[in-house]
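Shown below: query-v6.txt, with compact mmCIF, C-alpha atoms.
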# COMPACT_ATOMS: atom_id res chain seq x y z
CA PRO Z 1 46.53 27.93 -45.09
CA MET Z 2 45.35 25.39 -42.51
CA ASP Z 3 48.65 25.64 -40.65
CA VAL Z 4 48.44 29.43 -40.65
CA GLU Z 5 44.88 29.42 -39.30
CA LEU Z 6 45.83 26.84 -36.67
CA GLY Z 7 48.76 28.99 -35.57
CA ILE Z 8 46.53 32.06 -35.33
CA ALA Z 9 43.96 30.10 -33.31
CA LYS Z 10 46.64 28.86 -30.90
CA SER Z 11 47.98 32.39 -30.50
CA GLU Z 12 44.50 33.77 -29.79
CA ASN Z 13 43.84 30.91 -27.37
CA LYS Z 14 47.04 31.72 -25.48
CA ILE Z 15 46.13 35.41 -25.28
CA LEU Z 16 42.65 34.47 -24.07
CA LYS Z 17 44.06 32.26 -21.31
CA GLU Z 18 46.39 35.01 -20.14
CA THR Z 19 43.50 37.48 -20.12
CA ILE Z 20 41.33 35.09 -18.07
CA LEU Z 21 44.16 34.53 -15.60
CA HIS Z 22 44.65 38.27 -15.23
CA LEU Z 23 40.92 38.83 -14.68
CA GLU Z 24 40.83 36.09 -12.02
CA GLN Z 25 43.70 37.74 -10.17
CA GLU Z 26 41.92 41.09 -10.28
CA ASN Z 27 38.70 39.44 -9.06
CA GLN Z 28 40.51 37.91 -6.07
CA GLU Z 29 42.03 41.28 -5.21
CA LEU Z 30 38.62 42.97 -5.39
CA LYS Z 31 37.11 40.30 -3.15
CA ARG Z 32 39.89 40.80 -0.62
CA LYS Z 33 39.32 44.57 -0.55
CA ALA Z 34 35.54 44.13 -0.36
CA THR Z 35 35.88 41.79 2.64
CA GLY Z 36 37.82 44.44 4.51
CA SER Z 37 35.05 47.01 3.97
CA LYS Z 38 32.24 44.95 5.47
CA ILE Z 39 31.13 44.26 8.99
CA ILE Z 40 31.76 40.60 9.74
CA LEU Z 41 28.95 39.09 11.75
CA GLU Z 42 30.29 36.69 14.35
CA THR Z 43 28.61 33.34 14.66
CA PHE Z 44 27.06 33.60 18.11
CA GLU Z 45 28.90 31.35 20.58
CA GLY Z 46 29.97 29.04 17.78
CA GLU Z 47 26.41 28.03 16.95
CA ALA Z 48 25.41 27.15 13.40
CA LEU Z 49 23.40 29.89 11.75
CA ARG Z 50 19.96 28.96 10.51
CA PRO Z 51 18.78 29.81 6.98
CA SER Z 52 16.92 32.88 8.20
CA THR Z 53 20.09 34.18 9.78
CA GLU Z 54 22.03 33.57 6.58
CA LYS Z 55 19.44 35.62 4.74
CA ALA Z 56 19.81 38.42 7.26
CA LYS Z 57 23.54 38.15 6.85
CA ARG Z 58 23.30 38.59 3.07
CA GLU Z 59 21.02 41.58 3.50
CA TRP Z 60 23.53 43.05 5.96
CA TYR Z 61 26.19 42.87 3.27
CA LYS Z 62 24.17 44.80 0.70
CA ASP Z 63 25.97 47.59 -1.06
CA ALA Z 64 25.76 50.68 1.15
CA SER Z 65 26.58 53.21 -1.56
CA SER Z 66 22.92 54.03 -2.25
CA ARG Z 67 22.22 54.57 1.44
CA LYS Z 68 25.35 56.64 1.90
CA SER Z 69 24.39 58.97 -0.95
CA SER Z 70 21.14 59.91 0.79
CA SER Z 71 22.88 60.80 4.05
CA GLN Z 72 24.13 64.27 4.96
CA LEU Z 73 26.37 63.00 7.74
CA PRO Z 74 29.95 61.95 7.06
CA MET Z 75 30.54 58.22 7.37
CA GLU Z 76 33.51 55.91 7.38
CA ASP Z 77 33.99 53.76 4.29
CA ASN Z 78 33.92 50.52 6.25
CA VAL Z 79 30.49 51.10 7.84
CA VAL Z 80 27.48 49.25 6.46
CA LEU Z 81 23.98 50.21 7.55
CA MET Z 82 20.90 48.04 7.73
CA GLU Z 83 18.01 48.79 5.39
CA GLY Z 84 16.27 51.98 6.50
CA GLU Z 85 18.85 52.69 9.23
CA GLU Z 86 20.15 56.23 9.59
CA PRO Z 87 23.72 57.02 10.69
CA LEU Z 88 23.80 58.32 14.26
CA TRP Z 89 27.31 59.73 14.58
CA CYS Z 90 29.31 62.67 13.39
CA ASP Z 91 32.93 63.81 13.36
CA GLU Z 92 32.54 66.51 16.01
CA LEU Z 93 31.02 66.39 19.48
CA ASN Z 94 28.85 69.28 20.56
CA ASP Z 95 27.29 70.08 23.93
CA GLY Z 96 28.75 67.00 25.60
CA THR Z 97 26.98 64.50 23.35
CA CYS Z 98 28.29 60.97 23.07
CA PRO Z 99 29.52 59.70 19.67
CA ILE Z 100 27.53 56.48 20.06
CA GLU Z 101 24.40 58.30 21.31
CA PRO Z 102 24.39 61.69 19.57
CA THR Z 103 20.62 62.06 20.02
CA VAL Z 104 20.88 61.73 23.83
CA SER Z 105 22.08 64.75 25.76
CA PHE Z 106 24.51 64.47 28.67
CA LEU Z 107 21.84 65.34 31.23
CA ASP Z 108 19.40 62.77 29.86
CA ALA Z 109 22.08 60.08 29.91
CA LEU Z 110 23.10 61.11 33.43
CA LYS Z 111 19.51 60.95 34.64
CA ASP Z 112 18.90 57.53 33.12
CA ARG Z 113 22.06 55.97 34.49
CA ALA Z 114 21.89 57.64 37.89
CA LEU Z 115 18.30 56.58 38.52
CA TRP Z 116 19.13 53.00 37.60
CA LEU Z 117 22.23 52.90 39.81
CA VAL Z 118 20.51 54.53 42.77
CA GLY Z 119 17.67 52.05 42.50
CA LEU Z 120 20.10 49.15 42.41
CA LEU Z 121 21.97 50.61 45.41
CA ALA Z 122 18.76 50.67 47.43
CA PHE Z 123 17.82 47.19 46.26
CA GLN Z 124 21.23 45.83 47.22
CA SER Z 125 20.62 46.85 50.83
CA CYS Z 126 18.33 43.85 51.11
CA SER Z 127 21.36 41.59 51.51
CA GLY Z 128 22.21 43.37 54.78
CA PHE Z 129 18.72 42.73 56.14
CA ILE Z 130 18.99 39.05 55.21
CA LEU Z 131 22.30 38.68 57.02
CA ALA Z 132 20.93 40.48 60.08
CA ARG Z 133 17.98 38.07 60.28
CA ASN Z 134 20.36 35.09 60.20
CA GLU Z 135 22.86 36.37 62.72
CA ALA Z 136 22.59 33.21 64.85
CA LEU Z 137 23.58 31.00 61.92
CA LEU Z 138 26.65 33.11 61.19
CA GLU Z 139 27.64 33.14 64.87
CA ASN Z 140 27.47 29.35 65.09
CA HIS Z 141 29.25 28.88 61.75
CA PRO Z 142 31.52 31.89 61.20
CA THR Z 143 33.41 30.06 58.46
CA ILE Z 144 30.49 30.75 56.11
CA ILE Z 145 31.24 34.47 56.34
CA TYR Z 146 34.73 33.93 54.93
CA PHE Z 147 33.30 32.35 51.80
CA LEU Z 148 30.39 34.76 51.33
CA THR Z 149 32.25 37.17 49.05
CA MET Z 150 33.49 34.27 46.93
CA LEU Z 151 29.96 32.88 46.57
CA VAL Z 152 28.22 36.12 45.61
CA GLY Z 153 31.18 37.13 43.42
CA ALA Z 154 31.04 33.87 41.49
CA GLY Z 155 27.32 34.34 40.94
CA GLY Z 156 27.74 37.90 39.73
CA ASN Z 157 30.59 36.97 37.40
CA ALA Z 158 28.74 34.02 35.87
CA GLY Z 159 25.54 36.00 35.40
CA ASN Z 160 27.33 39.01 33.97
CA GLN Z 161 29.22 36.78 31.56
CA ALA Z 162 25.98 35.29 30.26
CA SER Z 163 24.20 38.65 29.98
CA VAL Z 164 27.09 40.24 28.05
CA ARG Z 165 26.94 37.43 25.49
CA VAL Z 166 23.22 38.00 25.07
CA ILE Z 167 23.72 41.74 24.61
CA ARG Z 168 26.41 41.06 22.02
CA GLY Z 169 24.12 38.67 20.17
CA LEU Z 170 21.30 41.22 20.17
CA ALA Z 171 23.63 43.94 18.89
CA LEU Z 172 25.03 41.78 16.09
CA GLY Z 173 21.63 40.42 15.14
CA THR Z 174 22.69 36.79 15.61
CA LEU Z 175 20.33 36.37 18.57
CA ASN Z 176 16.78 36.79 17.29
CA GLU Z 177 13.42 35.06 17.44
CA SER Z 178 14.61 32.15 15.31
CA THR Z 179 17.78 31.48 17.35
CA GLN Z 180 16.49 32.40 20.81
CA ALA Z 181 15.27 28.91 21.78
CA GLN Z 182 18.53 27.34 20.59
CA PHE Z 183 20.55 29.84 22.62
CA LEU Z 184 18.52 29.41 25.83
CA TRP Z 185 18.79 25.63 25.62
CA ARG Z 186 22.54 25.97 25.18
CA GLU Z 187 22.82 28.30 28.18
CA LEU Z 188 20.83 25.83 30.28
CA LYS Z 189 23.38 23.12 29.48
CA MET Z 190 26.16 25.64 30.09
CA GLY Z 191 24.69 26.38 33.52
CA PHE Z 192 24.79 22.72 34.52
CA ALA Z 193 28.35 22.28 33.25
CA LEU Z 194 29.80 25.47 34.77
CA SER Z 195 28.06 24.95 38.12
CA ALA Z 196 29.61 21.48 38.34
CA LEU Z 197 33.09 22.75 37.41
CA LEU Z 198 32.98 25.68 39.81
CA SER Z 199 31.65 23.44 42.57
CA VAL Z 200 34.73 21.27 42.22
CA ALA Z 201 36.93 24.37 42.29
CA GLY Z 202 35.09 25.70 45.35
CA PHE Z 203 35.40 22.36 47.15
CA CYS Z 204 39.15 22.28 46.48
CA ARG Z 205 39.48 25.86 47.67
CA ALA Z 206 37.64 25.10 50.92
CA ALA Z 207 39.60 21.88 51.46
CA ALA Z 208 42.89 23.68 50.84
CA PHE Z 209 42.10 26.05 53.72
CA ARG Z 210 41.21 23.09 55.96
CA THR Z 211 37.59 24.08 56.29
CA PRO Z 212 35.51 21.65 58.38
CA LEU Z 213 33.62 19.11 56.30
CA PRO Z 214 30.08 20.37 57.12
CA GLU Z 215 30.94 23.93 56.07
CA THR Z 216 32.79 22.64 53.00
CA VAL Z 217 29.72 20.72 51.86
CA ALA Z 218 27.49 23.74 52.51
CA VAL Z 219 29.76 26.08 50.55
CA THR Z 220 30.02 23.64 47.64
CA CYS Z 221 26.26 23.12 47.39
CA ALA Z 222 25.55 26.85 47.69
CA LEU Z 223 28.13 27.65 45.01
CA SER Z 224 26.60 25.13 42.60
CA LEU Z 225 23.10 26.55 43.09
CA ILE Z 226 24.26 30.17 42.82
CA VAL Z 227 26.24 29.68 39.60
CA PHE Z 228 23.47 27.73 37.89
CA CYS Z 229 20.79 30.30 38.74
CA SER Z 230 23.04 33.23 37.80
CA ILE Z 231 23.74 31.83 34.32
CA CYS Z 232 20.05 31.18 33.69
CA LEU Z 233 19.05 34.65 34.91
CA GLY Z 234 21.90 36.29 33.02
CA ALA Z 235 20.69 34.72 29.79
CA VAL Z 236 17.03 35.61 30.31
CA LEU Z 237 17.27 39.07 31.88
CA PRO Z 238 18.44 41.03 28.77
CA LEU Z 239 15.70 39.42 26.69
CA LEU Z 240 13.13 40.29 29.36
CA LEU Z 241 14.30 43.91 29.56
CA LYS Z 242 14.15 44.22 25.80
CA ARG Z 243 10.63 42.81 25.73
CA ILE Z 244 9.34 45.38 28.26
CA GLY Z 245 11.06 48.26 26.47
CA ILE Z 246 14.15 48.76 28.69
CA ASP Z 247 17.68 48.94 27.33
CA PRO Z 248 19.17 45.42 27.65
CA ALA Z 249 22.53 47.02 28.51
CA HIS Z 250 21.17 47.63 32.03
CA SER Z 251 21.09 43.88 32.60
CA SER Z 252 24.85 43.69 33.18
CA THR Z 253 24.59 45.84 36.31
CA THR Z 254 21.22 44.46 37.37
CA ILE Z 255 22.33 40.84 37.33
CA GLN Z 256 25.26 41.73 39.59
CA VAL Z 257 22.96 43.17 42.26
CA VAL Z 258 20.33 40.46 41.88
CA MET Z 259 22.93 37.74 42.34
CA ASP Z 260 24.41 39.53 45.36
CA ILE Z 261 21.04 39.24 47.04
CA LEU Z 262 20.19 35.77 45.77
CA GLY Z 263 23.71 34.61 46.64
CA VAL Z 264 23.19 35.59 50.26
CA VAL Z 265 19.72 34.01 50.28
CA PHE Z 266 20.93 30.73 48.77
CA THR Z 267 23.94 30.61 51.11
CA VAL Z 268 21.78 31.09 54.17
CA LEU Z 269 19.17 28.56 53.05
CA VAL Z 270 21.69 25.89 52.08
CA SER Z 271 23.76 26.42 55.21
CA THR Z 272 20.70 26.17 57.42
CA ALA Z 273 19.54 23.00 55.67
CA ILE Z 274 22.93 21.29 55.93
CA LEU Z 275 24.36 22.63 59.19
CA ASP Z 276 21.34 23.22 61.42
CA SER Z 277 18.83 20.54 60.44
CA ALA Z 278 18.45 16.88 61.36
CA VAL Z 279 18.63 15.79 57.73
CA GLY Z 280 21.78 17.80 57.17
CA GLU Z 281 23.46 16.43 60.28
CA LEU Z 282 22.57 12.88 59.17
CA LEU Z 283 24.02 13.55 55.72
CA ILE Z 284 27.24 14.96 57.16
CA SER Z 285 27.59 12.00 59.52
CA ARG Z 286 27.30 9.63 56.56
CA LEU Z 287 29.85 11.58 54.54
CA SER Z 288 32.26 11.63 57.45
CA PHE Z 289 32.69 7.89 57.19
So that I can check it, write out the structure of this file as structure tokens.
Amino acid sequence: PMDVELGIAKSENKILKETILHLEQENQELKRKATGSKIILETFEGEALRPSTEKAKREWYKDASSRKSSSQLPMEDNVVLMEGEEPLWCDELNDGTCPIEPTVSFLDALKDRALWLVGLLAFQSCSGFILARNEALLENHPTIIYFLTMLVGAGGNAGNQASVRVIRGLALGTLNESTQAQFLWRELKMGFALSALLSVAGFCRAAAFRTPLPETVAVTCALSLIVFCSICLGAVLPLLLKRIGIDPAHSSTTIQVVMDILGVVFTVLVSTAILDSAVGELLISRLSF
């Protein structure tokens, strides 16, 4: 009898192990399918998420079935809404509405965007006035004009790059009150690093075209200042617009215009200080040796 009971126990144990193995395989498959149906929050710029962000992340992954059941609008299966958030899209477009802004009519969107762009167009005219007031400098050093588009373009690109990352962080929820200081400190260090790297690239570019040393030094210094300021402004501007109740998405166009103007201002100021001042001439004479 003992041998019989032992055999039965071994048989039951084997069946139990096979059942557990089968359940584990099913569990892994369910986890894989569940991962594909959730929105994956990207760690912002590779930064470590703080505990509060992890909590927000867990809340983001809550089961959306209860919220879907209360909605009249059709939704995709892989969309997860935040607590209390209502779906804002539908399958069909009516009256020229946008699928990502169904509550905003075409005329309202046109008015908002047109007013912003017209205002920026008028504001950008300031760069022409600045150049006109420094006509003598440009006549004495025409080489600066050849590098002006590169300088303002680098500033606009660097600032736009920073502002887009902020907008992405705000949209994903990874940039919030608890991570804002960490992000701004990181962008400050990024500004120093990128301004140094681009200054080296700008110096090599000017040297490759056999630009005179005084103008090369002026272009390099102006480029460093422009890139650093554009990254700092690009990181702060979306947060400032959000704080005063303006859509942060406008910052990507605004930073381009602002850096066009500031790029011209910084170029003129740096060129005047280095090329047309006693201190600048002394510095160039020392570098020439």
Near-stretch 262-278 of chain Z list (8 Å; all atoms listed in the file; drop same-chain fewer than 6 positions) as a PyMOL selection string: chain Z and resi 127+130-131+134+137+148+151-152+155+214-215+217-219+221-223+225-226+284
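If you look at atom CA of Z:Gly153 and atom CA of Z:Asp260, they are 7.4 Å away from each other.
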Return as JSON the centre and edge lengths, in Å with one decimal, of the box along x, y and z that encloses every atom of stretch 208-226 of chain Z in the file, padded by 6 Å per side.
{"center_x": 33.0, "center_y": 24.6, "center_z": 50.5, "size_x": 31.8, "size_y": 23.1, "size_z": 27.8}
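With atom CA of Z:Leu115 on one side and atom CA of Z:Ile255 on the other, the separation reads 16.3 Å.
Comparing the minimum interatomic distances between Z:Arg243 and each of Z:Thr211, Z:Glu24, Z:Val4, Z:Glu177, counting all atoms listed in the file, we find that Z:Glu177 sits nearest.
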For Z:Phe203, the nearest of the candidates Z:Thr149, Z:Ser224, Z:Thr253, Z:Gln25, counting all atoms listed in the file: Z:Ser224
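Every protein, DNA or RNA residue with an atom at most 8 Å from Z:Glu187, where all atoms listed in the file count and chain neighbours fewer than 3 positions away do not, is listed here: Ala162, Phe183, Leu184, Met190, Gly191, Ile231, Cys232 and Ala235 of chain Z.
The nearest approach to Z:Tyr146 among the residues Z:Lys111, Z:Ser178, Z:Pro248, Z:Ala206, with all atoms listed in the file taken into account, belongs to Z:Ala206.
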Nearest to Z:Ala207 by atom-to-atom distance, counting only C-alpha atoms, from Z:Ile144, Z:Thr220, Z:Ala122, Z:Ala136: Z:Thr220
Between atom CA of Z:Ala158 and atom CA of Z:Ser230, distance in Å (one decimal): 6.1 Å
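The nearest approach to Z:Asn160 among the residues Z:Gly234, Z:Thr19, Z:Gly7, Z:Leu282, with all atoms listed in the file taken into account, belongs to Z:Gly234.
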Within 10 Å of Z:Val164 using only C-alpha atoms, minus same-chain residues under 3 positions, as number ranges by chain: Z: 159-161, 167-170, 234-235, 238, 248-249, 251-252
